[in-house]
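*Asks:* Sharing a structure here in structure tokens format.
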Amino acid sequence: MKEISMSSASRRSILTLAAAGPAAAMAGSAKAVPASSAGSLQSRPGEGRAAVITGSSRGIGAATARRLGAEGYAVTVNYLTNRDLAEQVVRDIESSGGRAIARQGDVADPAAVAALFDANDRAFGGVDVVVNNAGRMNVGLFAQMTDAAFDRMMATNVKGSFNVLREAARRTREGGRIISLSSSITLQRPAGGGAYAASKAAQDFYTSALAKELAGRQISVNAVAPGAVDTQLLRQHGDAALAGIPAMTPHGRIGLPEDIANVIAALCSNDGQWIHGQVVFANGGIG
Ligand SMILES: NC(=O)c1ccc[n+]([C@@H]2O[C@H](COP(=O)([O-])OP(=O)(O)OC[C@H]3O[C@@H](n4cnc5c(N)ncnc54)[C@H](OP(=O)(O)O)[C@@H]3O)[C@@H](O)[C@H]2O)c1
């Protein structure tokens with residue numbers, strides 16, 4: 001999907017916005033940090049717990065679903081259109097010994113979000129972890145951004161996140177975790193990224209308020225703000241647009257979905273309980 005017409009140079013500058021930083025002394029190929037803590041410090045830490053992960057048919061959401069599934073969480077995999085991919089994530093979790101279901105639902109629709117949580121509750125008895133991940137990125141200069149591109153992005157990122165967090169506030173069990181996907185673009189604030197950055201900044205403000213509202217229930221509420229991560233969200237703008245990112249990052253590689261899943265899993269662990277009301281920048285050291 002490419003909703004904004006931009007020069008390739010502009011597009012590249014938008015896509016590298018999350019990767020600005022000192023040029024890497026050595027550019028390396030993309031390589032995920034292994035999920036080394038899964039099952040090593042605690043055996044299946046998610047056993048007896050359930051997670052709802054919006055937008056988990058692919059990208060960061062899918063990597064998080066596989067990671068939490070491997071840790072013993074029962075996972076509700078949500079998708080918008082890609083049913084086959086969502087069902088593959090379910091099969092992957094089941095083959096690692098876990099339990100999962102796939103449910104279609106547009107986060108922009110409050111009734112669909114309630115139905116998603118209802119399906120989770122019927123299958124797994126309640127929810128302990130909510131990963132508010134579904135999102136879209138439409139970039140473009142102010143003069144070029146269309147109403148349709150702006151409205152669809154805001155419906156998903158701002159209203160959709162609100163719908164998800166409202167259900168999470170009502171349903172997450174004591175001791176749970178609520179994690180929203182923000183972005184390191186809120187630091188860089190590049191030309192052409194204003195609308196997307198505003199939609200991601202909403203996650204930071206939602207997080208601060210909800211953390212205060214839910215602290216009495218021992219629920220930790222945080223946001224994770226990735227830098228550039230190699231997913232369809234960026235690749236929709238053309239593979240060539242990602243080419244310059246590795247040389248612009250301290251580690252010499254673009255982030256991978258598993259890098260972000262690792263951080264989310266750490267926040268979900270028992271050791272993550274005291275991290276509360278924070279925006280955790282997970283970007284390999286850009287900035
Ligand atoms: N990739 C990055 O560089 C990056 C950087 C910072 C932050 N983030 C944030 O991280 C989150 C995940 O990004 P990603 O890169 O993994 O994206 P992605 O690969 O494009 O995946 C998006 C996921 O969200 C789902 N989705 C989209 N709109 C939806 C809606 N209205 N209702 C329900 N599900 C919906 C998609 O479902 P279908 O497969 O069915 O379409 C898909 O599962 C987003 O919030 C994004 O803003 C990403």
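Scheme for the structure tokens: letters A, B, ... for chains in order shown; per-chain residue numbers from 1; ligand numbers from 1 in order shown.
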Give me, as number ranges by chain, the residues of stretch 121-233 of chain A that a backbone DSSP run labels alpha helix (DSSP H).

*Replies:* A: 121-124, 147-154, 161-171, 185-188, 194-214, 232-233

*Asks:* Output the neighbourhood of ligand 1 as an mmCIF file with N, CA and C atoms, in the first residue's frame, that is, all protein and nucleic acid residues with some atom at most 8 Å from the ligand, counting only C-alpha atoms and all ligand atoms.

*Replies:*
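Written file, out-v4.cif:
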```cif
data_model
loop_
_atom_site.group_PDB
_atom_site.id
_atom_site.type_symbol
_atom_site.label_atom_id
_atom_site.label_comp_id
_atom_site.auth_asym_id
_atom_site.auth_seq_id
_atom_site.Cartn_x
_atom_site.Cartn_y
_atom_site.Cartn_z
ATOM 1 N N LEU A 15 12.000 6.886 6.044
ATOM 2 C CA LEU A 15 12.199 5.523 6.522
ATOM 3 C C LEU A 15 13.456 5.395 7.360
ATOM 4 N N ALA A 18 14.025 6.762 11.920
ATOM 5 C CA ALA A 18 14.181 6.083 13.199
ATOM 6 C C ALA A 18 15.566 5.498 13.337
ATOM 7 N N THR A 54 -2.849 -7.446 19.523
ATOM 8 C CA THR A 54 -3.498 -6.938 18.312
ATOM 9 C C THR A 54 -2.468 -6.843 17.186
ATOM 10 N N GLY A 55 -2.944 -7.087 15.958
ATOM 11 C CA GLY A 55 -2.054 -7.022 14.800
ATOM 12 C C GLY A 55 -0.908 -7.999 14.896
ATOM 13 N N SER A 56 -1.233 -9.279 15.143
ATOM 14 C CA SER A 56 -0.153 -10.258 15.344
ATOM 15 C C SER A 56 -0.094 -11.305 14.231
ATOM 16 N N SER A 57 -0.612 -10.969 13.059
ATOM 17 C CA SER A 57 -0.484 -11.878 11.917
ATOM 18 C C SER A 57 0.889 -11.771 11.274
ATOM 19 N N ARG A 58 1.598 -10.682 11.516
ATOM 20 C CA ARG A 58 2.921 -10.498 10.898
ATOM 21 C C ARG A 58 3.706 -9.462 11.699
ATOM 22 N N GLY A 59 4.980 -9.286 11.299
ATOM 23 C CA GLY A 59 5.798 -8.229 11.882
ATOM 24 C C GLY A 59 6.044 -8.388 13.377
ATOM 25 N N ILE A 60 6.079 -7.268 14.060
ATOM 26 C CA ILE A 60 6.404 -7.250 15.494
ATOM 27 C C ILE A 60 5.369 -8.041 16.290
ATOM 28 N N GLY A 61 4.102 -7.903 15.931
ATOM 29 C CA GLY A 61 3.049 -8.617 16.654
ATOM 30 C C GLY A 61 3.202 -10.126 16.541
ATOM 31 N N ALA A 62 3.517 -10.616 15.331
ATOM 32 C CA ALA A 62 3.678 -12.067 15.138
ATOM 33 C C ALA A 62 4.876 -12.582 15.932
ATOM 34 N N ASN A 78 -4.630 -11.567 16.766
ATOM 35 C CA ASN A 78 -5.609 -10.719 16.046
ATOM 36 C C ASN A 78 -5.030 -10.300 14.687
ATOM 37 N N TYR A 79 -5.918 -10.189 13.698
ATOM 38 C CA TYR A 79 -5.497 -9.715 12.378
ATOM 39 C C TYR A 79 -6.618 -8.900 11.768
ATOM 40 N N LEU A 80 -6.275 -8.160 10.704
ATOM 41 C CA LEU A 80 -7.285 -7.388 9.977
ATOM 42 C C LEU A 80 -7.715 -8.136 8.716
ATOM 43 N N THR A 81 -6.749 -8.484 7.858
ATOM 44 C CA THR A 81 -7.087 -9.134 6.580
ATOM 45 C C THR A 81 -6.340 -10.451 6.350
ATOM 46 N N ASN A 82 -5.171 -10.607 6.948
ATOM 47 C CA ASN A 82 -4.299 -11.739 6.614
ATOM 48 C C ASN A 82 -4.580 -12.974 7.485
ATOM 49 N N ARG A 83 -5.717 -13.601 7.215
ATOM 50 C CA ARG A 83 -6.121 -14.773 8.000
ATOM 51 C C ARG A 83 -5.094 -15.915 7.920
ATOM 52 N N LEU A 85 -1.881 -15.825 7.426
ATOM 53 C CA LEU A 85 -0.689 -15.551 8.233
ATOM 54 C C LEU A 85 -0.998 -15.729 9.720
ATOM 55 N N ALA A 86 -2.177 -15.271 10.138
ATOM 56 C CA ALA A 86 -2.551 -15.399 11.555
ATOM 57 C C ALA A 86 -2.661 -16.879 11.937
ATOM 58 N N GLN A 104 -10.182 -12.387 13.645
ATOM 59 C CA GLN A 104 -10.215 -11.169 12.843
ATOM 60 C C GLN A 104 -10.873 -10.057 13.663
ATOM 61 N N GLY A 105 -10.458 -8.831 13.432
ATOM 62 C CA GLY A 105 -11.125 -7.709 14.085
ATOM 63 C C GLY A 105 -10.377 -6.425 13.805
ATOM 64 N N ASP A 106 -11.120 -5.402 13.379
ATOM 65 C CA ASP A 106 -10.528 -4.085 13.135
ATOM 66 C C ASP A 106 -10.492 -3.330 14.454
ATOM 67 N N VAL A 107 -9.305 -2.958 14.909
ATOM 68 C CA VAL A 107 -9.221 -2.278 16.205
ATOM 69 C C VAL A 107 -9.951 -0.937 16.202
ATOM 70 N N ALA A 108 -10.179 -0.366 15.022
ATOM 71 C CA ALA A 108 -10.891 0.911 14.939
ATOM 72 C C ALA A 108 -12.365 0.782 15.316
ATOM 73 N N ASN A 132 -0.836 -3.887 22.712
ATOM 74 C CA ASN A 132 -1.590 -2.968 21.850
ATOM 75 C C ASN A 132 -0.671 -2.582 20.688
ATOM 76 N N ASN A 133 -0.651 -3.467 19.691
ATOM 77 C CA ASN A 133 0.388 -3.400 18.659
ATOM 78 C C ASN A 133 -0.115 -2.978 17.285
ATOM 79 N N ALA A 134 -1.360 -3.290 16.951
ATOM 80 C CA ALA A 134 -1.840 -3.017 15.582
ATOM 81 C C ALA A 134 -1.624 -1.552 15.236
ATOM 82 N N GLY A 135 -1.072 -1.313 14.073
ATOM 83 C CA GLY A 135 -0.840 0.067 13.668
ATOM 84 C C GLY A 135 -0.522 0.142 12.199
ATOM 85 N N ARG A 136 -0.603 1.337 11.660
ATOM 86 C CA ARG A 136 -0.201 1.558 10.274
ATOM 87 C C ARG A 136 0.575 2.866 10.172
ATOM 88 N N MET A 137 1.402 2.945 9.138
ATOM 89 C CA MET A 137 2.221 4.145 8.940
ATOM 90 C C MET A 137 1.964 4.713 7.553
ATOM 91 N N ALA A 155 -7.594 6.446 12.696
ATOM 92 C CA ALA A 155 -8.620 5.497 13.152
ATOM 93 C C ALA A 155 -7.974 4.261 13.758
ATOM 94 N N THR A 156 -6.880 3.813 13.157
ATOM 95 C CA THR A 156 -6.191 2.622 13.671
ATOM 96 C C THR A 156 -5.319 2.969 14.873
ATOM 97 N N ASN A 157 -4.459 3.965 14.709
ATOM 98 C CA ASN A 157 -3.425 4.210 15.725
ATOM 99 C C ASN A 157 -3.956 4.942 16.959
ATOM 100 N N GLY A 160 -8.150 3.296 17.494
ATOM 101 C CA GLY A 160 -7.999 1.851 17.684
ATOM 102 C C GLY A 160 -7.267 1.529 18.974
ATOM 103 N N SER A 180 1.923 -0.904 24.871
ATOM 104 C CA SER A 180 1.542 -0.295 23.597
ATOM 105 C C SER A 180 2.786 -0.057 22.747
ATOM 106 N N LEU A 181 2.597 -0.113 21.430
ATOM 107 C CA LEU A 181 3.714 0.143 20.520
ATOM 108 C C LEU A 181 3.723 1.618 20.128
ATOM 109 N N SER A 182 4.713 2.327 20.653
ATOM 110 C CA SER A 182 4.982 3.704 20.261
ATOM 111 C C SER A 182 6.027 3.662 19.151
ATOM 112 N N SER A 183 6.868 4.684 19.029
ATOM 113 C CA SER A 183 7.918 4.689 17.999
ATOM 114 C C SER A 183 8.990 5.701 18.365
ATOM 115 N N SER A 184 10.228 5.397 17.970
ATOM 116 C CA SER A 184 11.327 6.348 18.177
ATOM 117 C C SER A 184 11.185 7.583 17.287
ATOM 118 N N ILE A 185 10.233 7.563 16.363
ATOM 119 C CA ILE A 185 9.980 8.753 15.541
ATOM 120 C C ILE A 185 9.535 9.927 16.403
ATOM 121 N N LYS A 200 1.697 8.149 17.122
ATOM 122 C CA LYS A 200 2.487 7.305 18.028
ATOM 123 C C LYS A 200 2.699 8.006 19.369
ATOM 124 N N ALA A 225 9.039 1.730 22.235
ATOM 125 C CA ALA A 225 9.214 2.619 21.076
ATOM 126 C C ALA A 225 10.367 2.116 20.206
ATOM 127 N N PRO A 226 10.057 1.269 19.220
ATOM 128 C CA PRO A 226 11.124 0.762 18.346
ATOM 129 C C PRO A 226 11.679 1.852 17.441
ATOM 130 N N GLY A 227 12.921 1.619 16.959
ATOM 131 C CA GLY A 227 13.422 2.361 15.805
ATOM 132 C C GLY A 227 12.964 1.630 14.552
ATOM 133 N N ALA A 228 13.713 1.770 13.474
ATOM 134 C CA ALA A 228 13.325 1.103 12.227
ATOM 135 C C ALA A 228 13.421 -0.416 12.394
ATOM 136 N N VAL A 229 12.330 -1.110 12.083
ATOM 137 C CA VAL A 229 12.264 -2.572 12.187
ATOM 138 C C VAL A 229 11.854 -3.118 10.821
ATOM 139 N N ASP A 230 12.502 -4.178 10.419
ATOM 140 C CA ASP A 230 12.273 -4.737 9.082
ATOM 141 C C ASP A 230 10.951 -5.505 9.048
ATOM 142 N N THR A 231 9.897 -4.787 8.683
ATOM 143 C CA THR A 231 8.569 -5.396 8.542
ATOM 144 C C THR A 231 7.896 -4.789 7.310
ATOM 145 N N GLN A 232 6.703 -5.306 7.038
ATOM 146 C CA GLN A 232 5.922 -4.807 5.907
ATOM 147 C C GLN A 232 5.583 -3.326 6.057
ATOM 148 N N LEU A 233 5.481 -2.867 7.289
ATOM 149 C CA LEU A 233 5.174 -1.453 7.548
ATOM 150 C C LEU A 233 6.168 -0.534 6.831
ATOM 151 N N LEU A 234 7.452 -0.933 6.810
ATOM 152 C CA LEU A 234 8.457 -0.167 6.072
ATOM 153 C C LEU A 234 8.576 -0.653 4.636
ATOM 154 N N GLY A 255 16.670 -3.104 12.874
ATOM 155 C CA GLY A 255 16.040 -3.916 13.904
ATOM 156 C C GLY A 255 15.201 -5.023 13.285
ATOM 157 N N PRO A 257 11.949 -7.922 14.062
ATOM 158 C CA PRO A 257 10.787 -8.062 14.955
ATOM 159 C C PRO A 257 11.132 -8.767 16.263
#
```

*Asks:* Mind giving me the straight-line distance from atom CA of A:Ala282 to atom CA of A:Gly252 in Å, one decimal?

*Replies:*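 Computing the Euclidean distance for atom CA of A:Ala282 and atom CA of A:Gly252 yields 15.1 Å.
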
*Asks:* Do you know which residues are at most 7 Å from stretch 273-276 of chain A counting only C-alpha atoms, after dropping those on the same chain fewer than 3 positions away, and could you put them as a ChimeraX atom specification?

*Replies:* /A:211,220-222,270

*Asks:* Just the strand (DSSP E or B) stuff from stretch 114-200 of chain A, please, per backbone DSSP, written as a ChimeraX atom specification.

*Replies:* /A:127-132,172-181

*Asks:* So what do you get for atom CA of A:Ala191 versus atom CA of A:Gly285, distance-wise?

*Replies:* 21.4 Å

*Asks:* Show me, as a PyMOL selection string, the residues that have an atom within 12 Å of A:Ala198 when counting only C-alpha atoms, minus same-chain residues fewer than 4 positions from it.

*Replies:* chain A and resi 137-139+150+153-154+157-158+182-190+192-194+202-205
